[in-house]
Structures are given as structure tokens and as C-alpha cells.
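K.L.:
File structure_16.pdb follows (PDB, C-alpha atoms, pLDDT in the B column):
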```
ATOM      1  CA  MET A 104     -28.546 -80.687 -17.076  1.00 50.00           C
ATOM      2  CA  PRO A 105     -25.172 -79.373 -15.962  1.00 51.00           C
ATOM      3  CA  PHE A 106     -25.248 -76.596 -13.412  1.00 46.00           C
ATOM      4  CA  ARG A 107     -23.434 -73.531 -14.619  1.00 50.00           C
ATOM      5  CA  VAL A 108     -22.276 -70.693 -12.464  1.00 44.00           C
ATOM      6  CA  ARG A 109     -22.031 -67.311 -14.173  1.00 48.00           C
ATOM      7  CA  ALA A 110     -19.201 -65.352 -12.727  1.00 44.00           C
ATOM      8  CA  THR A 111     -19.924 -61.667 -12.452  1.00 45.00           C
ATOM      9  CA  THR A 112     -17.162 -59.203 -11.900  1.00 45.00           C
ATOM     10  CA  LYS A 113     -17.751 -55.634 -10.906  1.00 46.00           C
ATOM     11  CA  GLN A 114     -15.602 -53.462 -13.039  1.00 48.00           C
ATOM     12  CA  HIS A 115     -14.216 -50.394 -11.381  1.00 49.00           C
ATOM     13  CA  ARG A 116     -13.559 -47.409 -13.564  1.00 53.00           C
ATOM     14  CA  GLN A 117      -9.879 -46.630 -13.368  1.00 52.00           C
ATOM     15  CA  PRO A 118      -8.841 -42.966 -13.303  1.00 58.00           C
ATOM     16  CA  SER A 119      -7.270 -41.838 -16.535  1.00 63.00           C
ATOM     17  CA  LEU A 120      -3.597 -41.062 -16.715  1.00 61.00           C
ATOM     18  CA  PHE A 121      -4.403 -37.697 -18.257  1.00 64.00           C
ATOM     19  CA  GLY A 122      -6.636 -36.722 -15.343  1.00 67.00           C
ATOM     20  CA  GLU A 123      -4.039 -37.755 -12.773  1.00 69.00           C
ATOM     21  CA  ILE A 124      -1.338 -35.699 -14.478  1.00 71.00           C
ATOM     22  CA  ILE A 125      -3.635 -32.658 -14.631  1.00 68.00           C
ATOM     23  CA  ASP A 126      -4.469 -33.048 -10.938  1.00 66.00           C
ATOM     24  CA  TRP A 127      -0.825 -33.280  -9.953  1.00 68.00           C
ATOM     25  CA  MET A 128      -0.031 -30.197 -12.049  1.00 70.00           C
ATOM     26  CA  LEU A 129      -2.902 -28.008 -10.863  1.00 70.00           C
ATOM     27  CA  ALA A 130      -2.598 -28.793  -7.159  1.00 71.00           C
ATOM     28  CA  PRO A 131       0.911 -27.268  -6.773  1.00 73.00           C
ATOM     29  CA  LEU A 132      -0.114 -24.286  -8.917  1.00 74.00           C
ATOM     30  CA  LEU A 133      -3.072 -23.512  -6.665  1.00 74.00           C
ATOM     31  CA  ILE A 134      -0.761 -23.633  -3.641  1.00 78.00           C
ATOM     32  CA  LEU A 135       2.062 -21.615  -5.191  1.00 78.00           C
ATOM     33  CA  TRP A 136      -0.092 -18.890  -6.749  1.00 78.00           C
ATOM     34  CA  PRO A 137      -0.880 -17.039  -3.477  1.00 82.00           C
ATOM     35  CA  ILE A 138       2.781 -17.328  -2.505  1.00 86.00           C
ATOM     36  CA  SER A 139       3.857 -15.893  -5.858  1.00 83.00           C
ATOM     37  CA  MET A 140       1.420 -12.982  -5.431  1.00 85.00           C
ATOM     38  CA  ALA A 141       2.955 -12.167  -2.037  1.00 87.00           C
ATOM     39  CA  VAL A 142       6.457 -12.324  -3.504  1.00 88.00           C
ATOM     40  CA  GLU A 143       5.415 -10.101  -6.427  1.00 87.00           C
ATOM     41  CA  TYR A 144       3.994  -7.487  -4.048  1.00 90.00           C
ATOM     42  CA  SER A 145       7.162  -7.558  -1.957  1.00 91.00           C
ATOM     43  CA  ILE A 146       9.305  -6.994  -5.058  1.00 91.00           C
ATOM     44  CA  ALA A 147       6.975  -4.233  -6.279  1.00 91.00           C
ATOM     45  CA  TYR A 148       7.165  -2.486  -2.901  1.00 91.00           C
ATOM     46  CA  SER A 149      10.968  -2.662  -3.016  1.00 92.00           C
ATOM     47  CA  VAL A 150      10.939  -1.043  -6.462  1.00 91.00           C
ATOM     48  CA  ALA A 151       8.618   1.710  -5.197  1.00 92.00           C
ATOM     49  CA  ASN A 152      10.868   2.218  -2.170  1.00 92.00           C
ATOM     50  CA  VAL A 153      13.934   2.778  -4.343  1.00 92.00           C
ATOM     51  CA  ALA A 154      12.138   5.276  -6.582  1.00 91.00           C
ATOM     52  CA  TYR A 155      10.637   7.375  -3.795  1.00 93.00           C
ATOM     53  CA  ASP A 156      13.763   7.172  -1.633  1.00 94.00           C
ATOM     54  CA  ARG A 157      15.553   9.077  -4.399  1.00 93.00           C
ATOM     55  CA  GLU A 158      12.978  11.853  -4.167  1.00 91.00           C
ATOM     56  CA  LEU A 159      13.381  12.028  -0.395  1.00 92.00           C
ATOM     57  CA  LYS A 160      17.149  12.132  -0.756  1.00 93.00           C
ATOM     58  CA  ASP A 161      16.954  15.046  -3.196  1.00 92.00           C
ATOM     59  CA  SER A 162      14.683  16.966  -0.797  1.00 90.00           C
ATOM     60  CA  VAL A 163      17.108  16.467   2.102  1.00 92.00           C
ATOM     61  CA  LEU A 164      20.070  17.607  -0.009  1.00 92.00           C
ATOM     62  CA  VAL A 165      18.248  20.756  -1.133  1.00 90.00           C
ATOM     63  CA  LEU A 166      17.359  21.645   2.454  1.00 89.00           C
ATOM     64  CA  ALA A 167      20.872  20.911   3.716  1.00 88.00           C
ATOM     65  CA  ARG A 168      22.428  23.238   1.124  1.00 89.00           C
ATOM     66  CA  ASN A 169      20.199  26.073   2.313  1.00 87.00           C
ATOM     67  CA  MET A 170      21.101  25.917   6.015  1.00 87.00           C
ATOM     68  CA  VAL A 171      22.966  29.119   6.924  1.00 87.00           C
ATOM     69  CA  TYR A 172      24.435  30.788   9.998  1.00 84.00           C
ATOM     70  CA  ARG A 173      23.716  34.464  10.327  1.00 82.00           C
ATOM     71  CA  GLU A 174      23.672  36.922  13.213  1.00 78.00           C
ATOM     72  CA  GLY A 175      24.370  34.260  15.781  1.00 77.00           C
ATOM     73  CA  SER A 176      21.652  31.813  14.749  1.00 81.00           C
ATOM     74  CA  VAL A 177      21.202  28.877  12.393  1.00 82.00           C
ATOM     75  CA  PHE A 178      18.160  28.854  10.146  1.00 80.00           C
ATOM     76  CA  LEU A 179      16.802  27.475   6.891  1.00 83.00           C
ATOM     77  CA  ASP A 180      17.196  30.098   4.183  1.00 84.00           C
ATOM     78  CA  ILE A 181      14.436  29.013   1.808  1.00 82.00           C
ATOM     79  CA  SER A 182      11.316  30.769   0.598  1.00 80.00           C
ATOM     80  CA  ASP A 183       7.819  29.627   1.523  1.00 80.00           C
ATOM     81  CA  SER A 184       7.056  28.852  -2.135  1.00 81.00           C
ATOM     82  CA  ALA A 185      10.149  26.653  -2.435  1.00 80.00           C
ATOM     83  CA  ARG A 186       9.204  24.938   0.812  1.00 78.00           C
ATOM     84  CA  LYS A 187       5.726  24.165  -0.527  1.00 78.00           C
ATOM     85  CA  ILE A 188       7.185  22.779  -3.754  1.00 77.00           C
ATOM     86  CA  LEU A 189       9.516  20.451  -1.847  1.00 76.00           C
ATOM     87  CA  LEU A 190       6.754  19.152   0.386  1.00 76.00           C
ATOM     88  CA  ALA A 191       3.891  19.228  -2.118  1.00 75.00           C
ATOM     89  CA  ASP A 192       2.436  15.772  -2.585  1.00 74.00           C
ATOM     90  CA  GLU A 193      -1.147  14.874  -3.409  1.00 68.00           C
ATOM     91  CA  ILE A 194      -0.913  11.390  -1.890  1.00 75.00           C
ATOM     92  CA  ALA A 195       1.750  11.196   0.794  1.00 76.00           C
ATOM     93  CA  GLU A 196       1.898  13.603   3.713  1.00 84.00           C
ATOM     94  CA  SER A 197       5.386  15.100   3.905  1.00 86.00           C
ATOM     95  CA  VAL A 198       7.048  16.934   6.780  1.00 89.00           C
ATOM     96  CA  LEU A 199      10.485  18.443   7.286  1.00 90.00           C
ATOM     97  CA  GLN A 200      12.533  19.034  10.395  1.00 90.00           C
ATOM     98  CA  VAL A 201      15.890  20.582  11.247  1.00 91.00           C
ATOM     99  CA  ARG A 202      17.488  19.990  14.665  1.00 89.00           C
ATOM    100  CA  GLY A 203      20.471  21.852  16.086  1.00 85.00           C
ATOM    101  CA  MET A 204      23.536  20.735  18.021  1.00 77.00           C
ATOM    102  CA  GLN A 205      21.546  20.495  21.267  1.00 82.00           C
ATOM    103  CA  ASN A 206      18.798  18.482  19.595  1.00 84.00           C
ATOM    104  CA  GLU A 207      16.551  21.546  19.561  1.00 88.00           C
ATOM    105  CA  VAL A 208      14.073  21.930  16.695  1.00 90.00           C
ATOM    106  CA  ILE A 209      15.139  24.819  14.456  1.00 88.00           C
ATOM    107  CA  GLU A 210      12.676  24.367  11.632  1.00 87.00           C
ATOM    108  CA  GLY A 211       9.689  22.212  10.787  1.00 87.00           C
ATOM    109  CA  SER A 212       7.534  19.800  12.714  1.00 87.00           C
ATOM    110  CA  PRO A 213       8.515  19.110  16.350  1.00 89.00           C
ATOM    111  CA  ASP A 214       6.655  15.783  16.274  1.00 89.00           C
ATOM    112  CA  LEU A 215       9.155  13.947  14.085  1.00 90.00           C
ATOM    113  CA  PRO A 216      11.504  11.951  16.365  1.00 89.00           C
ATOM    114  CA  GLY A 217      15.170  12.847  16.307  1.00 84.00           C
ATOM    115  CA  ILE A 218      18.139  10.492  16.428  1.00 83.00           C
ATOM    116  CA  ASP A 219      21.343  10.368  18.414  1.00 76.00           C
ATOM    117  CA  PHE A 220      24.503  11.149  16.523  1.00 69.00           C
ATOM    118  CA  THR A 221      26.893   8.203  16.395  1.00 69.00           C
ATOM    119  CA  PRO A 222      30.309   7.816  14.753  1.00 61.00           C
ATOM    120  CA  ASP A 223      28.713   5.488  12.212  1.00 70.00           C
ATOM    121  CA  LEU A 224      26.746   8.408  10.753  1.00 72.00           C
ATOM    122  CA  GLU A 225      28.943  10.160   8.232  1.00 78.00           C
ATOM    123  CA  PRO A 226      28.363  13.906   7.760  1.00 74.00           C
ATOM    124  CA  GLN A 227      26.930  14.946   4.401  1.00 79.00           C
ATOM    125  CA  ARG A 228      25.606  11.419   3.733  1.00 89.00           C
ATOM    126  CA  VAL A 229      21.884  10.707   3.450  1.00 93.00           C
ATOM    127  CA  TYR A 230      20.459   7.800   5.463  1.00 93.00           C
ATOM    128  CA  PHE A 231      16.995   6.252   5.574  1.00 94.00           C
ATOM    129  CA  ARG A 232      14.862   4.724   8.305  1.00 93.00           C
ATOM    130  CA  ASP A 233      11.254   3.695   8.976  1.00 93.00           C
ATOM    131  CA  ASP A 234       9.561   5.480  11.845  1.00 92.00           C
ATOM    132  CA  LEU A 235       6.191   6.469  13.292  1.00 91.00           C
ATOM    133  CA  LEU A 236       4.596   9.904  13.134  1.00 89.00           C
ATOM    134  CA  HIS A 237       1.153  10.421  14.652  1.00 88.00           C
ATOM    135  CA  ASN A 238       0.782   6.606  14.816  1.00 88.00           C
ATOM    136  CA  ARG A 239       1.386   6.319  11.074  1.00 89.00           C
ATOM    137  CA  GLU A 240       4.297   4.611   9.374  1.00 91.00           C
ATOM    138  CA  VAL A 241       6.618   7.051   7.641  1.00 92.00           C
ATOM    139  CA  ARG A 242       9.788   6.804   5.614  1.00 94.00           C
ATOM    140  CA  VAL A 243      12.466   9.231   6.799  1.00 95.00           C
ATOM    141  CA  ALA A 244      15.525  10.500   4.948  1.00 94.00           C
ATOM    142  CA  TYR A 245      18.054  12.314   7.144  1.00 94.00           C
ATOM    143  CA  MET A 246      21.608  13.614   7.210  1.00 91.00           C
ATOM    144  CA  TYR A 247      23.978  15.648   9.365  1.00 89.00           C
ATOM    145  CA  ALA A 248      24.816  18.724   7.307  1.00 86.00           C
ATOM    146  CA  GLN A 249      27.426  21.411   7.723  1.00 84.00           C
ATOM    147  CA  VAL A 250      26.078  24.940   8.077  1.00 85.00           C
ATOM    148  CA  SER A 251      27.163  27.567   5.578  1.00 77.00           C
ATOM    149  CA  GLY A 252      29.055  30.380   7.322  1.00 77.00           C
ATOM    150  CA  PHE A 253      29.632  28.318  10.484  1.00 76.00           C
ATOM    151  CA  PRO A 254      32.010  25.421   9.727  1.00 69.00           C
ATOM    152  CA  GLY A 255      31.949  24.090  13.260  1.00 68.00           C
ATOM    153  CA  ALA A 256      28.187  23.588  13.373  1.00 73.00           C
ATOM    154  CA  ALA A 257      26.201  20.638  12.069  1.00 82.00           C
ATOM    155  CA  VAL A 258      22.449  20.201  11.952  1.00 88.00           C
ATOM    156  CA  LEU A 259      20.225  17.198  11.521  1.00 90.00           C
ATOM    157  CA  VAL A 260      18.032  17.605   8.432  1.00 92.00           C
ATOM    158  CA  GLN A 261      15.081  15.225   8.098  1.00 93.00           C
ATOM    159  CA  VAL A 262      12.275  14.792   5.579  1.00 93.00           C
ATOM    160  CA  ALA A 263       9.539  12.230   6.212  1.00 92.00           C
ATOM    161  CA  GLU A 264       6.555  11.075   4.214  1.00 92.00           C
ATOM    162  CA  THR A 265       3.838   8.492   4.710  1.00 91.00           C
ATOM    163  CA  ASP A 266       3.927   5.167   2.891  1.00 91.00           C
ATOM    164  CA  ASP A 267       0.704   5.873   0.975  1.00 91.00           C
ATOM    165  CA  LYS A 268       2.172   6.427  -2.474  1.00 90.00           C
ATOM    166  CA  ARG A 269       4.638   3.577  -2.071  1.00 92.00           C
ATOM    167  CA  ILE A 270       1.784   1.203  -1.233  1.00 91.00           C
ATOM    168  CA  MET A 271      -0.243   2.575  -4.144  1.00 92.00           C
ATOM    169  CA  LEU A 272       2.585   2.099  -6.647  1.00 91.00           C
ATOM    170  CA  ALA A 273       3.314  -1.421  -5.347  1.00 90.00           C
ATOM    171  CA  SER A 274      -0.382  -2.306  -5.675  1.00 91.00           C
ATOM    172  CA  GLU A 275      -0.487  -0.948  -9.233  1.00 91.00           C
ATOM    173  CA  ILE A 276       2.574  -2.960 -10.243  1.00 89.00           C
ATOM    174  CA  SER A 277       1.224  -6.124  -8.627  1.00 88.00           C
ATOM    175  CA  GLY A 278      -2.177  -5.576 -10.232  1.00 88.00           C
ATOM    176  CA  ALA A 279      -0.597  -5.197 -13.679  1.00 88.00           C
ATOM    177  CA  VAL A 280       1.384  -8.426 -13.223  1.00 85.00           C
ATOM    178  CA  LEU A 281      -1.718 -10.245 -11.982  1.00 83.00           C
ATOM    179  CA  ALA A 282      -3.776  -9.001 -14.940  1.00 84.00           C
ATOM    180  CA  ALA A 283      -1.106 -10.284 -17.320  1.00 81.00           C
ATOM    181  CA  GLN A 284      -1.209 -13.654 -15.578  1.00 78.00           C
ATOM    182  CA  PHE A 285      -4.991 -13.845 -15.987  1.00 79.00           C
ATOM    183  CA  VAL A 286      -4.593 -13.157 -19.715  1.00 80.00           C
ATOM    184  CA  LEU A 287      -1.789 -15.672 -20.256  1.00 78.00           C
ATOM    185  CA  LEU A 288      -3.053 -18.414 -17.943  1.00 76.00           C
ATOM    186  CA  PRO A 289      -5.900 -19.656 -20.213  1.00 77.00           C
ATOM    187  CA  PHE A 290      -3.511 -19.893 -23.166  1.00 78.00           C
ATOM    188  CA  ALA A 291      -0.985 -21.759 -21.029  1.00 74.00           C
ATOM    189  CA  LEU A 292      -3.656 -24.224 -19.868  1.00 74.00           C
ATOM    190  CA  ILE A 293      -4.778 -24.816 -23.454  1.00 78.00           C
ATOM    191  CA  LEU A 294      -1.207 -25.503 -24.558  1.00 76.00           C
ATOM    192  CA  VAL A 295      -0.627 -27.846 -21.604  1.00 73.00           C
ATOM    193  CA  TRP A 296      -3.902 -29.637 -22.304  1.00 73.00           C
ATOM    194  CA  PHE A 297      -3.055 -30.064 -25.973  1.00 73.00           C
ATOM    195  CA  GLY A 298       0.530 -31.175 -25.302  1.00 70.00           C
ATOM    196  CA  LEU A 299      -0.478 -33.724 -22.665  1.00 70.00           C
ATOM    197  CA  SER A 300      -3.286 -35.169 -24.738  1.00 69.00           C
ATOM    198  CA  LYS A 301      -0.890 -35.717 -27.639  1.00 68.00           C
ATOM    199  CA  GLY A 302       1.989 -36.912 -25.493  1.00 68.00           C
ATOM    200  CA  ILE A 303       0.139 -39.573 -23.496  1.00 69.00           C
ATOM    201  CA  ALA A 304      -2.057 -40.831 -26.339  1.00 67.00           C
ATOM    202  CA  PRO A 305       0.215 -43.911 -26.908  1.00 72.00           C
ATOM    203  CA  LEU A 306       0.169 -44.640 -23.176  1.00 70.00           C
ATOM    204  CA  ASN A 307      -3.610 -44.504 -23.103  1.00 66.00           C
ATOM    205  CA  ASP A 308      -3.752 -46.973 -26.017  1.00 69.00           C
ATOM    206  CA  LEU A 309      -1.392 -49.297 -24.189  1.00 70.00           C
ATOM    207  CA  ALA A 310      -3.418 -49.024 -20.991  1.00 67.00           C
ATOM    208  CA  ASP A 311      -6.622 -49.900 -22.875  1.00 72.00           C
ATOM    209  CA  LYS A 312      -4.985 -52.987 -24.349  1.00 73.00           C
ATOM    210  CA  LEU A 313      -3.700 -54.092 -20.956  1.00 75.00           C
ATOM    211  CA  ARG A 314      -7.154 -53.715 -19.411  1.00 76.00           C
ATOM    212  CA  GLN A 315      -8.686 -55.771 -22.230  1.00 74.00           C
TER     213      GLN A 315
END
```
Could I get this structure in the form of C-alpha cells?

P.N.:
Amino acid sequence: MPFRVRATTKQHRQPSLFGEIIDWMLAPLLILWPISMAVEYSIAYSVANVAYDRELKDSVLVLARNMVYREGSVFLDISDSARKILLADEIAESVLQVRGMQNEVIEGSPDLPGIDFTPDLEPQRVYFRDDLLHNREVRVAYMYAQVSGFPGAAVLVQVAETDDKRIMLASEISGAVLAAQFVLLPFALILVWFGLSKGIAPLNDLADKLRQ
């Protein structure tokens, strides 16, 4: 009786082409998604900055137009009600300040830091900077303004506000974009799944034949 040896081969299950493509597609997406969220927030904050900088600029211009010289002194000729309207904000804390030629505080909060006048600062032009007030980050709009009735005098007019409403608006914009992504992402995955399954079907058939 002839001796027969039965050869046994252990078949290893090969990963499917479809699964490998899905893995290579999802892995970069999972890495890039947090980066895209950070970029979206940065863009949203820039948009909020532009919008609220315009408001600050308008406040500075209104205050600068109402600086007058009378009876030997420079002062802000504006009513208390108008002052409250300019600085009224339910979210951000706003403060104003006017400094004279000797860097003395004429009006407003003495806690807001002043700046040194340099030739680069053009009179009647509004500038912006980020600063600290009471250990809080603030956005400051400022300009050197001519005083009505006293052409030779210039004062530094500043309006500052906290970043609260800018952060809030940036968060709202980013949240809206993220919500839209959550809505569209399942549909995108379904379309990708369907397209890949149809596109690689001939390759899967060929792979099955080669394995056989």
C-alpha cells in the first residue's frame, strides 16, 4: 500500500483592497480634522476682529471730533448719555481714555496704558493694538486727534474693549461650520463607500481569480 502524504496549507486571509483603501482614506482625515478645526477658528476670529474693529474705530472718531479747547483747558465735550451709548456693551467691557500733550489723563480710565508718539503715527488716523488691562486681554483703537479751537494741540484718544464678544462670535462661526460638517460627513462617507465599492469591483474579481 503506497504511503501518501497529505499536504496541508494554512490559508491566511488576505486583507481586502476595499478595506485598505478605506483605511488609507480615513487615517489622514482623522489627523487633518483637528487641524482644520483650528484653522477654521483662526479664520473666524479674524472675521470677528475685522467686524468689531470697525465699531471701535467709529467710537474713537466720535470721541476725537468732540475734543474741544475752552477757557485754557482741553476736555471731552460729550454728554453722559452719549458716553454711555458709546461704551454700552452687554458682553465686552469697554473703557475710554484721553491723554494730553504731557501724557496726562484728561478723560476716562487712568489704568489704560498710553503710548509714545512716534513719527510713524499719523495724526487723525486710527490704529489698533492688543494690550492688557487689569490682567485681561483687550483690543485698543487709538489716534492722535487735533483739538477743536486749539490747532496746535493734539490728544491721544483711546477706546479699549475685552475680547469676550470676539471670542464668542468666533466660537459661534466655528460651531456652525462644525455642525454643517457633521451633517454632510455621513452623506460624503456613503458616497465614497458606494463609489469605491463600484469602482474596485472588477479588481476584487481579478484578485479572487488570482488567489484561486

K.L.:
Show me, as a PDB file with C-alpha atoms, in the coordinates of the input, the residues that have an atom within 9 Å of region 168-173 of chain A when counting all atoms listed in the file, minus same-chain residues fewer than 4 positions from it.

P.N.:
```pdb
ATOM      1  CA  VAL A 163      17.108  16.467   2.102  1.00 92.00           C
ATOM      2  CA  LEU A 164      20.070  17.607  -0.009  1.00 92.00           C
ATOM      3  CA  VAL A 177      21.202  28.877  12.393  1.00 82.00           C
ATOM      4  CA  PHE A 178      18.160  28.854  10.146  1.00 80.00           C
ATOM      5  CA  LEU A 179      16.802  27.475   6.891  1.00 83.00           C
ATOM      6  CA  ASP A 180      17.196  30.098   4.183  1.00 84.00           C
ATOM      7  CA  ILE A 181      14.436  29.013   1.808  1.00 82.00           C
ATOM      8  CA  ALA A 248      24.816  18.724   7.307  1.00 86.00           C
ATOM      9  CA  GLN A 249      27.426  21.411   7.723  1.00 84.00           C
ATOM     10  CA  VAL A 250      26.078  24.940   8.077  1.00 85.00           C
ATOM     11  CA  SER A 251      27.163  27.567   5.578  1.00 77.00           C
ATOM     12  CA  GLY A 252      29.055  30.380   7.322  1.00 77.00           C
ATOM     13  CA  PHE A 253      29.632  28.318  10.484  1.00 76.00           C
ATOM     14  CA  ALA A 256      28.187  23.588  13.373  1.00 73.00           C
ATOM     15  CA  VAL A 258      22.449  20.201  11.952  1.00 88.00           C
TER      16      VAL A 258
END
```

K.L.:
Between CA of Val262 (chain A) and CA of Val165 (chain A), what is the distance in Å, rounded to a tenth?

P.N.:
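Value for the CA of Val262 (chain A)-CA of Val165 (chain A) distance: 10.8 Å.
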
K.L.:
Could you check the closest approach to Gly203 (chain A) for each of A:Ile134, A:Ala154, A:Leu259, A:Ala185 and tell me which residue wins, using all atoms listed in the file?

P.N.:
A:Leu259

K.L.:
I'd like to know which of A:Gln315, A:Ala257, A:Gly278, A:Pro216 is closest to Ala141 (chain A), using all atoms listed in the file.

P.N.:
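When distances to Ala141 (chain A) are compared using all atoms listed in the file, the smallest one comes from A:Gly278.
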
K.L.:
Work out how far CA of Pro226 (chain A) is from CA of Gln205 (chain A), in Å to one decimal.

P.N.:
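CA of Pro226 (chain A) lies 16.5 Å from CA of Gln205 (chain A).
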
K.L.:
Please compute the CA of Met246 (chain A)-CA of Arg269 (chain A) distance, one decimal, in Å.

P.N.:
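Separation between CA of Met246 (chain A) and CA of Arg269 (chain A): 21.8 Å.
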
K.L.:
Measuring between only C-alpha atoms, which one of A:Glu264, A:Glu207, A:Glu240, A:Asp219 shows the shortest distance to Ile194 (chain A)?

P.N.:
A:Glu264

K.L.:
Given the file shown, enumerate the residues that the PyMOL selection byres ((chain A and resi 267) around 12) captures and present them as an MDAnalysis selection string.

P.N.:
chainID A and resid 148 151:152 155 192:197 239:242 264:266 268:274

K.L.:
For region 204-208 of chain A, what centre and edge lengths in Å (one decimal) does the axis-aligned box get once 8 Å is added on each side of all its listed atoms, as JSON?

P.N.:
```
{"center_x": 18.8, "center_y": 20.2, "center_z": 19.0, "size_x": 25.5, "size_y": 19.4, "size_z": 20.6}
```

K.L.:
Using all atoms listed in the file for the distances, tell me which of A:Leu235, A:Ala167, A:Ala147, A:Leu190 is nearest to Ala279 (chain A).

P.N.:
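Of A:Leu235, A:Ala167, A:Ala147, A:Leu190, the one nearest Ala279 (chain A) is A:Ala147, counting all atoms listed in the file.
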
K.L.:
Given the choices A:Ser176, A:Val295, A:Ile146, A:Leu159, which gets closest to Ile209 (chain A) if the distance is worked out from all atoms listed in the file?

P.N.:
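Result for the nearest residue to Ile209 (chain A): A:Ser176.
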
K.L.:
Contacts of region 127-132 of chain A at 10 Å or less, counting only C-alpha atoms, minus same-chain residues fewer than 6 places along, as a VMD selection string?

P.N.:
chain A and resid 138 to 139 292 295

K.L.:
Include C-alpha atoms and write out the residues we just selected as a tab-separated table (two decimals), in the frame of the given file.

P.N.:
```tsv
chain	number	residue	atom	x	y	z
A	138	ILE	CA	2.78	-17.33	-2.50
A	139	SER	CA	3.86	-15.89	-5.86
A	292	LEU	CA	-3.66	-24.22	-19.87
A	295	VAL	CA	-0.63	-27.85	-21.60
```

K.L.:
Given the choices A:Phe290, A:Leu189, A:Gly298, A:Ile218, which gets closest to Lys160 (chain A) if the distance is worked out from only C-alpha atoms?

P.N.:
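Among A:Phe290, A:Leu189, A:Gly298, A:Ile218, it is A:Leu189 that comes nearest to Lys160 (chain A).
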
K.L.:
To test your reading of the syntax: which residues would the PyMOL selection byres ((chain A and resi 244) around 6) return for the file shown? Reply as a list in words.

P.N.:
Leu159, Tyr230, Phe231, Val243, Tyr245, Gln261 and Val262 of chain A
